[in-house]
$ cat target04.txt   # compact mmCIF, C-alpha atoms (C1' of nucleotides)
# COMPACT_ATOMS: atom_id res chain seq x y z
CA MET A 27 -54.72 -0.21 -96.61
CA LEU A 28 -54.97 2.06 -99.64
CA PHE A 29 -51.60 0.99 -101.01
CA ASN A 30 -49.50 -2.05 -100.35
CA HIS A 31 -45.81 -2.01 -99.45
CA THR A 32 -44.56 -2.47 -102.97
CA ALA A 33 -46.47 0.58 -104.21
CA GLU A 34 -45.30 2.60 -101.25
CA TYR A 35 -41.70 1.67 -101.95
CA ALA A 36 -42.16 2.64 -105.57
CA PHE A 37 -43.47 6.08 -104.59
CA ARG A 38 -40.59 6.69 -102.25
CA ALA A 39 -37.98 5.56 -104.77
CA MET A 40 -39.53 7.75 -107.45
CA ALA A 41 -39.55 10.68 -105.06
CA ILE A 42 -35.82 10.31 -104.49
CA LEU A 43 -35.11 9.99 -108.19
CA ALA A 44 -37.27 13.03 -108.88
CA GLY A 45 -35.11 15.02 -106.48
CA GLU A 46 -31.99 13.94 -108.32
CA TYR A 47 -33.35 14.49 -111.79
CA ASP A 48 -32.08 18.02 -112.34
CA ALA A 49 -28.58 17.06 -111.29
CA GLY A 50 -28.70 14.24 -113.82
CA GLU A 51 -27.12 11.88 -111.34
CA ARG A 52 -27.81 8.17 -111.39
CA VAL A 53 -28.60 6.51 -108.07
CA ARG A 54 -27.45 2.99 -107.29
CA ALA A 55 -29.85 0.43 -105.88
CA LYS A 56 -28.07 0.12 -102.54
CA GLU A 57 -27.99 3.88 -102.09
CA LEU A 58 -31.61 4.24 -103.17
CA ALA A 59 -32.69 1.53 -100.75
CA GLN A 60 -31.20 3.45 -97.85
CA LEU A 61 -32.59 6.82 -98.89
CA ALA A 62 -36.08 5.48 -99.50
CA ALA A 63 -36.13 3.05 -96.58
CA ILE A 64 -36.65 0.02 -98.78
CA PRO A 65 -35.27 -3.41 -97.83
CA GLU A 66 -31.95 -3.63 -99.62
CA HIS A 67 -32.66 -7.00 -101.20
CA TYR A 68 -36.18 -6.15 -102.21
CA ILE A 69 -35.56 -2.96 -104.13
CA SER A 70 -34.43 -4.94 -107.12
CA LYS A 71 -37.97 -6.13 -107.74
CA VAL A 72 -39.53 -2.77 -107.10
CA MET A 73 -37.27 -1.04 -109.59
CA ARG A 74 -37.67 -3.76 -112.17
CA HIS A 75 -41.37 -2.95 -112.51
CA LEU A 76 -40.64 0.73 -112.93
CA VAL A 77 -37.96 0.07 -115.54
CA VAL A 78 -40.16 -2.28 -117.55
CA ALA A 79 -42.94 0.31 -117.47
CA GLY A 80 -40.54 2.82 -118.98
CA LEU A 81 -40.65 5.22 -116.06
CA VAL A 82 -37.07 4.63 -115.01
CA GLU A 83 -33.84 4.14 -116.93
CA ALA A 84 -31.40 1.59 -115.61
CA LEU A 85 -27.72 1.36 -116.44
CA ARG A 86 -25.47 -1.50 -115.41
CA GLY A 87 -21.82 -1.58 -114.59
CA HIS A 88 -19.45 1.07 -113.35
CA GLY A 89 -21.17 4.42 -112.85
CA GLY A 90 -24.51 2.76 -113.39
CA GLY A 91 -27.73 3.11 -111.46
CA PHE A 92 -31.27 4.40 -111.85
CA ARG A 93 -32.62 7.65 -113.25
CA LEU A 94 -36.05 8.90 -114.25
CA ALA A 95 -36.74 8.30 -117.92
CA ARG A 96 -38.73 11.55 -118.13
CA PRO A 97 -38.97 14.84 -116.24
CA PRO A 98 -40.83 14.50 -112.92
CA SER A 99 -43.67 16.65 -114.25
CA ALA A 100 -44.32 14.06 -116.96
CA ILE A 101 -44.79 11.13 -114.59
CA THR A 102 -48.13 10.76 -112.84
CA PHE A 103 -48.78 8.79 -109.69
CA MET A 104 -51.21 6.70 -111.66
CA GLU A 105 -48.35 5.51 -113.83
CA VAL A 106 -46.38 4.53 -110.77
CA LEU A 107 -49.35 2.60 -109.43
CA ASP A 108 -49.90 0.89 -112.76
CA ALA A 109 -46.26 -0.08 -112.94
CA SER A 110 -45.97 -1.45 -109.45
CA ASP A 111 -49.20 -3.07 -108.59
CA TRP A 112 -52.59 -1.76 -109.42
CA SER A 113 -53.95 -4.61 -111.47
CA SER A 114 -57.29 -4.34 -113.21
CA GLU A 115 -58.63 -6.56 -110.43
CA ASP A 116 -58.17 -3.66 -108.06
CA ARG A 117 -60.26 -1.35 -110.18
CA ARG A 118 -63.41 -3.40 -110.15
CA CYS A 119 -66.17 -2.30 -107.83
CA ALA A 120 -64.55 -3.26 -104.56
CA PHE A 121 -67.94 -3.90 -103.07
CA GLY A 122 -69.24 -5.85 -106.04
CA PHE A 123 -71.54 -8.71 -105.29
CA GLY A 124 -70.38 -11.07 -107.98
CA ALA A 125 -71.12 -9.55 -111.37
CA CYS A 126 -71.31 -5.80 -111.00
CA ASN A 127 -71.12 -3.34 -113.85
CA PRO A 128 -72.58 0.09 -114.63
CA LYS A 129 -75.54 -1.51 -116.41
CA ASN A 130 -76.33 -3.81 -113.55
CA PRO A 131 -74.91 -2.01 -110.53
CA CYS A 132 -74.76 -3.62 -107.14
CA SER A 133 -76.26 -1.81 -104.20
CA LEU A 134 -72.89 -0.34 -103.27
CA HIS A 135 -71.82 0.62 -106.78
CA ASN A 136 -72.72 4.28 -106.63
CA THR A 137 -70.98 4.75 -103.33
CA TRP A 138 -67.93 2.96 -104.60
CA SER A 139 -67.82 5.06 -107.76
CA GLN A 140 -67.58 8.22 -105.71
CA LEU A 141 -64.53 7.05 -103.85
CA HIS A 142 -62.93 5.47 -106.85
CA GLY A 143 -63.38 8.62 -108.90
CA CYS A 144 -61.77 10.65 -106.16
CA VAL A 145 -58.72 8.41 -105.97
CA ASN A 146 -58.43 8.15 -109.73
CA GLN A 147 -58.50 11.88 -110.16
CA TRP A 148 -55.81 12.30 -107.56
CA ALA A 149 -53.59 9.68 -109.16
CA ARG A 150 -53.97 11.11 -112.64
CA GLN A 151 -53.46 14.73 -111.72
CA THR A 152 -50.60 14.39 -109.31
CA THR A 153 -47.12 14.17 -110.80
CA LEU A 154 -43.69 13.67 -109.35
CA ALA A 155 -43.16 17.41 -109.75
CA GLU A 156 -45.32 17.81 -106.65
CA VAL A 157 -42.65 16.09 -104.69
CA ARG A 158 -40.01 18.09 -102.98
CA SER A 159 -36.74 16.34 -102.41
CA LEU A 160 -35.53 16.03 -98.87
CA GLU A 161 -32.48 18.07 -99.81
CA HIS A 162 -34.56 20.97 -101.06
CA LEU A 163 -36.85 20.79 -98.09
CA HIS A 164 -34.03 20.78 -95.59
CA ALA A 165 -32.21 23.54 -97.41
CA GLU A 166 -35.34 25.64 -97.36
CA LEU A 167 -36.02 25.05 -93.70
CA ALA A 168 -32.43 25.88 -92.89
CA SER A 169 -32.30 29.09 -94.91
CA GLN A 170 -35.62 30.51 -93.81
CA ALA A 171 -36.47 29.72 -90.21
CA ALA A 172 -40.03 30.97 -90.78
CA PRO A 173 -42.51 28.40 -92.12
CA LYS A 174 -44.95 29.46 -94.79
CA ASP A 175 -47.95 27.09 -95.30
CA MET B 10 -55.64 -2.20 -102.94
CA LEU B 11 -57.62 0.45 -101.13
CA PHE B 12 -59.40 -2.05 -98.88
CA ASN B 13 -58.57 -5.59 -97.93
CA HIS B 14 -60.95 -8.51 -98.15
CA THR B 15 -62.13 -8.31 -94.57
CA ALA B 16 -63.20 -4.70 -94.98
CA GLU B 17 -64.91 -5.49 -98.25
CA TYR B 18 -66.83 -8.32 -96.65
CA ALA B 19 -67.86 -6.01 -93.85
CA PHE B 20 -69.21 -3.46 -96.30
CA ARG B 21 -71.20 -6.05 -98.18
CA ALA B 22 -72.64 -7.59 -95.03
CA MET B 23 -73.62 -4.17 -93.73
CA ALA B 24 -75.24 -3.37 -97.06
CA ILE B 25 -77.42 -6.45 -96.78
CA LEU B 26 -78.34 -5.70 -93.20
CA ALA B 27 -79.16 -2.12 -94.15
CA GLY B 28 -81.61 -3.42 -96.71
CA GLU B 29 -83.30 -5.57 -94.10
CA TYR B 30 -83.38 -2.92 -91.42
CA ASP B 31 -86.84 -1.55 -92.10
CA ALA B 32 -88.36 -5.00 -92.07
CA GLY B 33 -86.76 -5.59 -88.69
CA GLU B 34 -85.71 -9.06 -89.75
CA ARG B 35 -82.63 -10.73 -88.37
CA VAL B 36 -80.32 -12.41 -90.84
CA ARG B 37 -78.49 -15.59 -89.97
CA ALA B 38 -74.77 -15.94 -90.65
CA LYS B 39 -75.16 -18.67 -93.23
CA GLU B 40 -77.77 -16.70 -95.11
CA LEU B 41 -75.76 -13.51 -94.88
CA ALA B 42 -72.68 -15.28 -96.18
CA GLN B 43 -74.51 -16.34 -99.31
CA LEU B 44 -76.13 -12.96 -99.92
CA ALA B 45 -72.92 -11.03 -99.44
CA ALA B 46 -70.64 -13.56 -101.12
CA ILE B 47 -68.53 -14.12 -98.04
CA PRO B 48 -66.87 -17.48 -97.31
CA GLU B 49 -69.32 -19.25 -95.03
CA HIS B 50 -66.79 -20.12 -92.36
CA TYR B 51 -65.13 -16.74 -92.42
CA ILE B 52 -68.14 -14.56 -91.86
CA SER B 53 -68.07 -15.36 -88.17
CA LYS B 54 -64.92 -13.33 -87.73
CA VAL B 55 -66.10 -10.47 -89.88
CA MET B 56 -69.34 -10.11 -87.94
CA ARG B 57 -67.60 -10.40 -84.60
CA HIS B 58 -65.72 -7.18 -85.24
CA LEU B 59 -68.89 -5.37 -86.20
CA VAL B 60 -70.71 -6.65 -83.12
CA VAL B 61 -67.92 -5.67 -80.75
CA ALA B 62 -67.83 -2.20 -82.31
CA GLY B 63 -71.52 -1.85 -81.54
CA LEU B 64 -72.63 -1.49 -85.15
CA VAL B 65 -74.45 -4.81 -85.25
CA GLU B 66 -76.66 -6.66 -82.77
CA ALA B 67 -76.30 -10.40 -82.56
CA LEU B 68 -78.78 -12.85 -81.10
CA ARG B 69 -78.14 -16.53 -80.51
CA GLY B 70 -80.42 -19.47 -80.62
CA HIS B 71 -83.70 -20.08 -82.36
CA GLY B 72 -84.77 -17.08 -84.43
CA GLY B 73 -81.42 -15.47 -83.86
CA GLY B 74 -79.14 -13.72 -86.32
CA PHE B 75 -77.70 -10.29 -87.04
CA ARG B 76 -79.31 -6.89 -87.29
CA LEU B 77 -78.03 -3.31 -87.46
CA ALA B 78 -77.80 -1.74 -84.02
CA ARG B 79 -78.79 1.66 -85.44
CA PRO B 80 -80.59 3.02 -88.49
CA PRO B 81 -78.49 2.86 -91.67
CA SER B 82 -78.32 6.64 -91.81
CA ALA B 83 -76.54 6.64 -88.45
CA ILE B 84 -73.71 4.36 -89.51
CA THR B 85 -70.85 5.80 -91.52
CA PHE B 86 -68.46 3.89 -93.69
CA MET B 87 -65.67 5.16 -91.50
CA GLU B 88 -67.16 3.28 -88.58
CA VAL B 89 -67.27 0.11 -90.61
CA LEU B 90 -63.63 0.57 -91.57
CA ASP B 91 -62.65 1.26 -87.98
CA ALA B 92 -64.46 -1.83 -86.82
CA SER B 93 -63.04 -4.18 -89.39
CA ASP B 94 -59.55 -3.14 -90.08
CA TRP B 95 -58.30 0.35 -90.44
CA SER B 96 -55.67 0.48 -87.74
CA SER B 97 -53.94 3.72 -86.85
CA GLU B 98 -50.94 2.31 -88.70
CA ASP B 99 -52.87 2.72 -91.91
CA ARG B 100 -53.47 6.39 -91.32
CA ARG B 101 -49.88 7.44 -91.10
CA CYS B 102 -48.38 9.14 -94.11
CA ALA B 103 -48.21 6.16 -96.43
CA PHE B 104 -45.16 7.60 -98.10
CA GLY B 105 -43.43 8.56 -94.90
CA PHE B 106 -39.67 8.22 -94.83
CA GLY B 107 -39.27 7.09 -91.28
CA ALA B 108 -40.47 9.82 -88.96
CA CYS B 109 -42.94 12.00 -90.79
CA ASN B 110 -45.34 14.42 -89.18
CA PRO B 111 -46.91 17.76 -90.04
CA LYS B 112 -44.08 19.65 -88.34
CA ASN B 113 -41.40 17.71 -90.16
CA PRO B 114 -43.10 16.56 -93.34
CA CYS B 115 -41.46 14.20 -95.77
CA SER B 116 -41.22 15.16 -99.40
CA LEU B 117 -44.40 13.26 -100.19
CA HIS B 118 -46.40 14.44 -97.22
CA ASN B 119 -48.39 17.15 -98.93
CA THR B 120 -49.36 14.90 -101.78
CA TRP B 121 -50.37 12.18 -99.39
CA SER B 122 -52.48 14.56 -97.34
CA GLN B 123 -54.56 15.43 -100.37
CA LEU B 124 -55.46 11.84 -101.05
CA HIS B 125 -55.94 10.97 -97.42
CA GLY B 126 -58.26 13.91 -96.90
CA CYS B 127 -60.32 12.86 -99.87
CA VAL B 128 -60.73 9.31 -98.64
CA ASN B 129 -61.42 10.41 -95.08
CA GLN B 130 -64.12 12.81 -96.18
CA TRP B 131 -65.78 10.10 -98.21
CA ALA B 132 -65.71 7.63 -95.35
CA ARG B 133 -67.08 10.09 -92.85
CA GLN B 134 -69.84 11.48 -95.03
CA THR B 135 -71.11 8.30 -96.57
CA THR B 136 -73.59 6.30 -94.54
CA LEU B 137 -75.33 3.00 -95.06
CA ALA B 138 -78.40 4.96 -96.10
CA GLU B 139 -76.65 5.53 -99.42
CA VAL B 140 -76.89 1.85 -100.05
CA ARG B 141 -79.78 0.45 -101.96
CA SER B 142 -80.68 -3.09 -101.10
CA LEU B 143 -80.75 -5.63 -103.88
CA GLU B 144 -84.42 -6.15 -103.12
CA HIS B 145 -85.28 -2.49 -103.60
CA LEU B 146 -83.18 -2.33 -106.72
CA HIS B 147 -84.78 -5.41 -108.19
CA ALA B 148 -88.21 -4.27 -107.17
CA GLU B 149 -87.62 -0.97 -108.88
CA LEU B 150 -86.37 -2.57 -112.04
CA ALA B 151 -89.37 -4.92 -112.00
CA SER B 152 -91.87 -2.14 -111.44
CA GLN B 153 -90.45 -0.16 -114.32
CA ALA B 154 -90.98 -3.12 -116.61
CA ALA B 155 -94.40 -4.11 -115.32
CA PRO B 156 -95.89 -1.76 -112.73
CA LYS B 157 -98.27 -3.19 -110.20
CA ASP B 158 -99.24 -2.78 -106.49
C1' DC C 28 -85.83 -30.81 -69.13
C1' DC C 29 -84.33 -31.93 -73.58
C1' DA C 30 -83.49 -31.05 -78.42
C1' DT C 31 -82.49 -27.76 -81.65
C1' DC C 32 -80.75 -23.64 -83.29
C1' DA C 33 -77.24 -20.17 -84.16
C1' DA C 34 -73.62 -17.14 -82.56
C1' DC C 35 -69.08 -17.51 -80.23
C1' DA C 36 -64.27 -18.84 -79.79
C1' DG C 37 -60.06 -20.70 -80.83
C1' DA C 38 -56.95 -24.03 -83.13
C1' DC C 39 -55.16 -25.06 -87.43
C1' DA C 40 -54.30 -24.89 -92.67
C1' DT C 41 -53.52 -22.17 -96.77
C1' DC C 42 -52.00 -18.63 -99.73
C1' DG C 43 -49.99 -14.55 -101.60
C1' DG C 44 -47.25 -10.50 -100.57
C1' DT C 45 -42.98 -9.60 -98.73
C1' DG C 46 -38.18 -10.29 -97.94
C1' DT C 47 -33.63 -12.89 -98.57
C1' DC C 48 -30.12 -14.99 -101.12
C1' DC C 49 -27.11 -16.07 -104.87
C1' DG C 50 -25.67 -16.71 -109.35
C1' DT C 51 -25.83 -14.28 -114.14
C1' DT C 52 -25.38 -10.68 -117.49
C1' DG C 53 -23.79 -6.49 -119.23
C1' DT C 54 -20.76 -2.24 -118.66
C1' DT C 55 -16.76 0.31 -117.35
C1' DT C 56 -12.10 0.79 -115.75
C1' DT C 57 -7.34 -0.68 -115.50
C1' DA D 12 -8.13 -9.42 -121.27
C1' DA D 13 -9.13 -9.16 -116.48
C1' DA D 14 -11.27 -7.21 -112.65
C1' DA D 15 -14.57 -4.51 -110.53
C1' DC D 16 -19.07 -2.87 -110.67
C1' DA D 17 -24.13 -2.88 -110.59
C1' DA D 18 -28.51 -4.26 -112.49
C1' DC D 19 -31.00 -8.62 -113.68
C1' DG D 20 -33.44 -12.90 -112.67
C1' DG D 21 -35.11 -16.64 -110.30
C1' DA D 22 -35.31 -19.84 -106.31
C1' DC D 23 -36.59 -20.02 -101.77
C1' DA D 24 -38.03 -18.65 -96.85
C1' DC D 25 -41.13 -16.05 -94.00
C1' DC D 26 -45.20 -14.07 -92.22
C1' DG D 27 -49.62 -12.15 -91.73
C1' DA D 28 -54.17 -12.11 -93.88
C1' DT D 29 -57.37 -15.22 -95.24
C1' DG D 30 -60.00 -19.40 -94.95
C1' DT D 31 -61.45 -23.96 -92.65
C1' DC D 32 -62.83 -26.83 -89.05
C1' DT D 33 -64.61 -28.21 -84.56
C1' DG D 34 -66.30 -27.71 -80.23
C1' DT D 35 -68.72 -24.42 -76.80
C1' DT D 36 -72.09 -21.23 -75.08
C1' DG D 37 -76.47 -19.20 -74.86
C1' DA D 38 -81.33 -18.86 -76.38
C1' DT D 39 -85.69 -20.81 -77.94
C1' DG D 40 -89.41 -24.24 -78.68
C1' DG D 41 -91.69 -28.39 -77.48
$ encode --input "target04.txt" --output "structure tokens"
Amino acid sequence: MLFNHTAEYAFRAMAILAGEYDAGERVRAKELAQLAAIPEHYISKVMRHLVVAGLVEALRGHGGGFRLARPPSAITFMEVLDASDWSSEDRRCAFGFGACNPKNPCSLHNTWSQLHGCVNQWARQTTLAEVRSLEHLHAELASQAAPKD
Amino acid sequence: MLFNHTAEYAFRAMAILAGEYDAGERVRAKELAQLAAIPEHYISKVMRHLVVAGLVEALRGHGGGFRLARPPSAITFMEVLDASDWSSEDRRCAFGFGACNPKNPCSLHNTWSQLHGCVNQWARQTTLAEVRSLEHLHAELASQAAPKD
DNA sequence: CCATCAACAGACATCGGTGTCCGTTGTTTT
DNA sequence: AAAACAACGGACACCGATGTCTGTTGATGG
């Protein structure tokens, strides 16, 4: 529910790439699949969407791999969703009885709008900069044994 | 995305039943299927879940049909989700890299929590009382155009 | 008691998302 | 130029959610 597997994979892959962005390193598909827990033979399709959408740069051949096309702070979760899956179909009033639009709302339209607005706002405002790489997280936990929260 | 078909059907069916609640009328499956735009032969399964969960009362035989087991204001959307689909699987950190829990959060955990909290709050606070039946809506629109009664 | 109604229950078919496989294309190294 | 590398691209298999069909059970009316 909420997101399908493909979108989830995309988020995880982007999170890894965001962690590597400062180092400027490219990450190969096989490596990325392991780090992000994505089926090794499926990641190809996931990444393709992200590359076509212009969120990720791909380079073939020796030394090739994937890299964010922009700084993490310039990539919103909405863009990742758009790239991977969220078709316009998914944005319609999920409760719509047949034809449902703001001018002729169905009986669930208002309720739906509240939820949809909430999710939309989250997706638009959250960027990959919010993500902390596993490396950073582990390093932090290791260096300071006291949690903050 | 967000919700699957079964959950959507459940919401629509409950919306119809909520509109009929005051009248005390039972609605037959075939009728309900047409009103809520649910495949006629599939509605049986959808309703079964809602009946088992105790949200809907079913009566067989002549004059039978479905009816809300409680007033619309006493049924939250979360209950409908629980009844139809939302397994505990769906509540885990959707971005989780393998084992992910509050004590050992993944790099996407915080971000996920924000969205999850938002959706949870919506589902818990919204009840079927928020729903306006098509009848009421149509009646209102009609009365605005040509008031009578 | 019988006929009718309508929910119940499960077997089966279908479809789309997911996952696998393999050959192709483009890049780098030797 | 050849070989190694790694993303690209499509064909195909798989599986669970969805949808269909048919018979059964329980309730009501005559």
$ calpha_fit_and_write --input "target04.txt" --fixed "chain A" --moving "chain B" --output "CSV table (one decimal) with C-alpha atoms, in the frame of the given file"
chain,number,residue,atom,x,y,z
B,10,MET,CA,-55.2,-0.9,-96.9
B,11,LEU,CA,-55.5,1.4,-99.9
B,12,PHE,CA,-52.0,0.5,-101.2
B,13,ASN,CA,-49.8,-2.5,-100.6
B,14,HIS,CA,-46.2,-2.3,-99.6
B,15,THR,CA,-44.8,-2.6,-103.1
B,16,ALA,CA,-46.8,0.3,-104.3
B,17,GLU,CA,-45.8,2.4,-101.3
B,18,TYR,CA,-42.1,1.6,-101.9
B,19,ALA,CA,-42.6,2.6,-105.5
B,20,PHE,CA,-44.0,6.0,-104.5
B,21,ARG,CA,-41.2,6.7,-102.1
B,22,ALA,CA,-38.5,5.7,-104.5
B,23,MET,CA,-40.1,7.9,-107.2
B,24,ALA,CA,-40.3,10.8,-104.8
B,25,ILE,CA,-36.6,10.5,-104.1
B,26,LEU,CA,-35.8,10.3,-107.8
B,27,ALA,CA,-38.0,13.3,-108.5
B,28,GLY,CA,-36.0,15.3,-106.0
B,29,GLU,CA,-32.8,14.4,-107.8
B,30,TYR,CA,-34.1,14.9,-111.3
B,31,ASP,CA,-33.0,18.5,-111.7
B,32,ALA,CA,-29.4,17.7,-110.6
B,33,GLY,CA,-29.4,14.9,-113.2
B,34,GLU,CA,-27.8,12.6,-110.7
B,35,ARG,CA,-28.3,8.9,-110.8
B,36,VAL,CA,-29.1,7.1,-107.6
B,37,ARG,CA,-27.8,3.6,-106.8
B,38,ALA,CA,-30.1,1.0,-105.5
B,39,LYS,CA,-28.4,0.7,-102.2
B,40,GLU,CA,-28.6,4.4,-101.6
B,41,LEU,CA,-32.1,4.6,-102.8
B,42,ALA,CA,-33.1,1.8,-100.5
B,43,GLN,CA,-31.8,3.7,-97.5
B,44,LEU,CA,-33.3,7.1,-98.5
B,45,ALA,CA,-36.7,5.6,-99.2
B,46,ALA,CA,-36.8,3.1,-96.4
B,47,ILE,CA,-37.1,0.1,-98.6
B,48,PRO,CA,-35.6,-3.3,-97.7
B,49,GLU,CA,-32.2,-3.3,-99.4
B,50,HIS,CA,-32.7,-6.7,-101.1
B,51,TYR,CA,-36.3,-6.0,-102.1
B,52,ILE,CA,-35.8,-2.7,-104.0
B,53,SER,CA,-34.5,-4.6,-107.0
B,54,LYS,CA,-37.9,-5.9,-107.7
B,55,VAL,CA,-39.7,-2.7,-107.1
B,56,MET,CA,-37.4,-0.8,-109.5
B,57,ARG,CA,-37.6,-3.5,-112.1
B,58,HIS,CA,-41.3,-2.8,-112.5
B,59,LEU,CA,-40.8,0.9,-112.8
B,60,VAL,CA,-38.0,0.4,-115.4
B,61,VAL,CA,-40.0,-2.0,-117.5
B,62,ALA,CA,-42.9,0.5,-117.5
B,63,GLY,CA,-40.6,3.1,-118.9
B,64,LEU,CA,-40.9,5.5,-115.9
B,65,VAL,CA,-37.3,5.0,-114.8
B,66,GLU,CA,-34.0,4.7,-116.6
B,67,ALA,CA,-31.5,2.2,-115.3
B,68,LEU,CA,-27.8,2.1,-116.0
B,69,ARG,CA,-25.4,-0.6,-115.0
B,70,GLY,CA,-21.8,-0.6,-114.1
B,71,HIS,CA,-19.6,2.1,-112.7
B,72,GLY,CA,-21.5,5.4,-112.2
B,73,GLY,CA,-24.7,3.6,-112.9
B,74,GLY,CA,-28.0,3.8,-111.0
B,75,PHE,CA,-31.6,5.0,-111.5
B,76,ARG,CA,-33.0,8.2,-112.8
B,77,LEU,CA,-36.5,9.3,-113.9
B,78,ALA,CA,-37.1,8.7,-117.6
B,79,ARG,CA,-39.2,11.9,-117.8
B,80,PRO,CA,-39.6,15.1,-115.9
B,81,PRO,CA,-41.5,14.7,-112.6
B,82,SER,CA,-44.4,16.7,-113.9
B,83,ALA,CA,-44.9,14.2,-116.7
B,84,ILE,CA,-45.3,11.2,-114.4
B,85,THR,CA,-48.7,10.6,-112.7
B,86,PHE,CA,-49.3,8.6,-109.7
B,87,MET,CA,-51.6,6.4,-111.7
B,88,GLU,CA,-48.7,5.4,-113.9
B,89,VAL,CA,-46.7,4.4,-110.8
B,90,LEU,CA,-49.6,2.4,-109.5
B,91,ASP,CA,-50.0,0.7,-112.9
B,92,ALA,CA,-46.4,-0.1,-113.0
B,93,SER,CA,-46.1,-1.5,-109.5
B,94,ASP,CA,-49.3,-3.3,-108.8
B,95,TRP,CA,-52.7,-2.1,-109.7
B,96,SER,CA,-54.0,-5.0,-111.8
B,97,SER,CA,-57.3,-4.8,-113.6
B,98,GLU,CA,-58.6,-7.1,-110.9
B,99,ASP,CA,-58.3,-4.2,-108.5
B,100,ARG,CA,-60.5,-1.9,-110.5
B,101,ARG,CA,-63.5,-4.1,-110.6
B,102,CYS,CA,-66.4,-3.1,-108.3
B,103,ALA,CA,-64.8,-4.1,-105.0
B,104,PHE,CA,-68.2,-4.9,-103.6
B,105,GLY,CA,-69.4,-6.8,-106.6
B,106,PHE,CA,-71.6,-9.8,-106.0
B,107,GLY,CA,-70.3,-12.1,-108.7
B,108,ALA,CA,-71.0,-10.5,-112.1
B,109,CYS,CA,-71.3,-6.8,-111.6
B,110,ASN,CA,-71.2,-4.2,-114.4
B,111,PRO,CA,-72.8,-0.9,-115.2
B,112,LYS,CA,-75.6,-2.5,-117.1
B,113,ASN,CA,-76.4,-4.9,-114.2
B,114,PRO,CA,-75.1,-3.1,-111.2
B,115,CYS,CA,-74.9,-4.8,-107.8
B,116,SER,CA,-76.5,-3.1,-104.8
B,117,LEU,CA,-73.2,-1.5,-103.8
B,118,HIS,CA,-72.2,-0.4,-107.3
B,119,ASN,CA,-73.2,3.2,-107.1
B,120,THR,CA,-71.5,3.7,-103.8
B,121,TRP,CA,-68.4,2.0,-105.0
B,122,SER,CA,-68.3,4.2,-108.2
B,123,GLN,CA,-68.2,7.3,-106.1
B,124,LEU,CA,-65.1,6.2,-104.2
B,125,HIS,CA,-63.4,4.7,-107.2
B,126,GLY,CA,-63.9,7.9,-109.2
B,127,CYS,CA,-62.4,9.9,-106.4
B,128,VAL,CA,-59.3,7.8,-106.2
B,129,ASN,CA,-58.9,7.6,-109.9
B,130,GLN,CA,-59.1,11.3,-110.3
B,131,TRP,CA,-56.5,11.8,-107.6
B,132,ALA,CA,-54.2,9.3,-109.2
B,133,ARG,CA,-54.5,10.8,-112.7
B,134,GLN,CA,-54.2,14.4,-111.7
B,135,THR,CA,-51.4,14.1,-109.2
B,136,THR,CA,-47.9,14.1,-110.6
B,137,LEU,CA,-44.4,13.7,-109.1
B,138,ALA,CA,-44.0,17.4,-109.4
B,139,GLU,CA,-46.3,17.7,-106.4
B,140,VAL,CA,-43.6,16.0,-104.4
B,141,ARG,CA,-41.1,18.1,-102.5
B,142,SER,CA,-37.7,16.4,-102.0
B,143,LEU,CA,-36.4,16.1,-98.5
B,144,GLU,CA,-33.5,18.2,-99.6
B,145,HIS,CA,-35.7,21.1,-100.7
B,146,LEU,CA,-37.8,20.8,-97.6
B,147,HIS,CA,-34.8,20.8,-95.3
B,148,ALA,CA,-33.2,23.6,-97.2
B,149,GLU,CA,-36.3,25.6,-96.9
B,150,LEU,CA,-36.7,25.0,-93.2
B,151,ALA,CA,-33.0,25.8,-92.8
B,152,SER,CA,-33.2,29.0,-94.7
B,153,GLN,CA,-36.2,30.2,-92.7
B,154,ALA,CA,-34.2,29.7,-89.5
B,155,ALA,CA,-30.9,31.2,-90.8
B,156,PRO,CA,-31.1,32.7,-94.3
B,157,LYS,CA,-28.0,32.7,-96.4
B,158,ASP,CA,-26.9,32.3,-100.1
$ closest_atom_pairs --input "target04.txt" --of "chain A" --to "chain C" --cutoff "9 Å" --atoms "only C-alpha atoms (C1' of nucleotides)" --output "tab-separated table"
residue	atom	partner	partner_atom	distance
A:Asn30	CA	C:DG44	C1'	8.7
A:His31	CA	C:DT45	C1'	8.1
A:Thr32	CA	C:DT45	C1'	8.4
A:Pro65	CA	C:DG46	C1'	7.5
A:His67	CA	C:DT47	C1'	6.5
A:Tyr68	CA	C:DG46	C1'	6.3
A:Leu85	CA	C:DT54	C1'	8.1
A:Arg86	CA	C:DT54	C1'	5.8
A:Gly87	CA	C:DT54	C1'	4.3
A:His88	CA	C:DT55	C1'	4.9
A:Gly89	CA	C:DT55	C1'	7.5
A:Gly90	CA	C:DT54	C1'	8.2
$ interface_residues --input "target04.txt" --of "chain D" --to "chain A" --cutoff "7 Å" --atoms "only C-alpha atoms (C1' of nucleotides)" --output "list of chain:residue names"
D:DC16, D:DA17, D:DA18
$ residues_around --input "target04.txt" --residues "Gln151 of chain A" --least-positions-apart "5" --cutoff "10 Å" --atoms "only C-alpha atoms (C1' of nucleotides)" --output "VMD selection string"
chain A and resid 101 to 104 146
$ write_last_selection --input "target04.txt" --atoms "C-alpha atoms" --output "tab-separated table (two decimals), keeping the file's coordinate frame"
chain	number	residue	atom	x	y	z
A	101	ILE	CA	-44.79	11.13	-114.59
A	102	THR	CA	-48.13	10.76	-112.84
A	103	PHE	CA	-48.78	8.79	-109.69
A	104	MET	CA	-51.21	6.70	-111.66
A	146	ASN	CA	-58.43	8.15	-109.73
$ residues_around --input "target04.txt" --residues "segment 21-28 of chain B" --least-positions-apart "5" --cutoff "7 Å" --atoms "only C-alpha atoms (C1' of nucleotides)" --output "list of chain:residue names"
A:Phe121, B:Leu41, B:Ala45, B:Arg76, B:Leu77, B:Pro81, B:Leu137, B:Val140, B:Arg141, B:Ser142
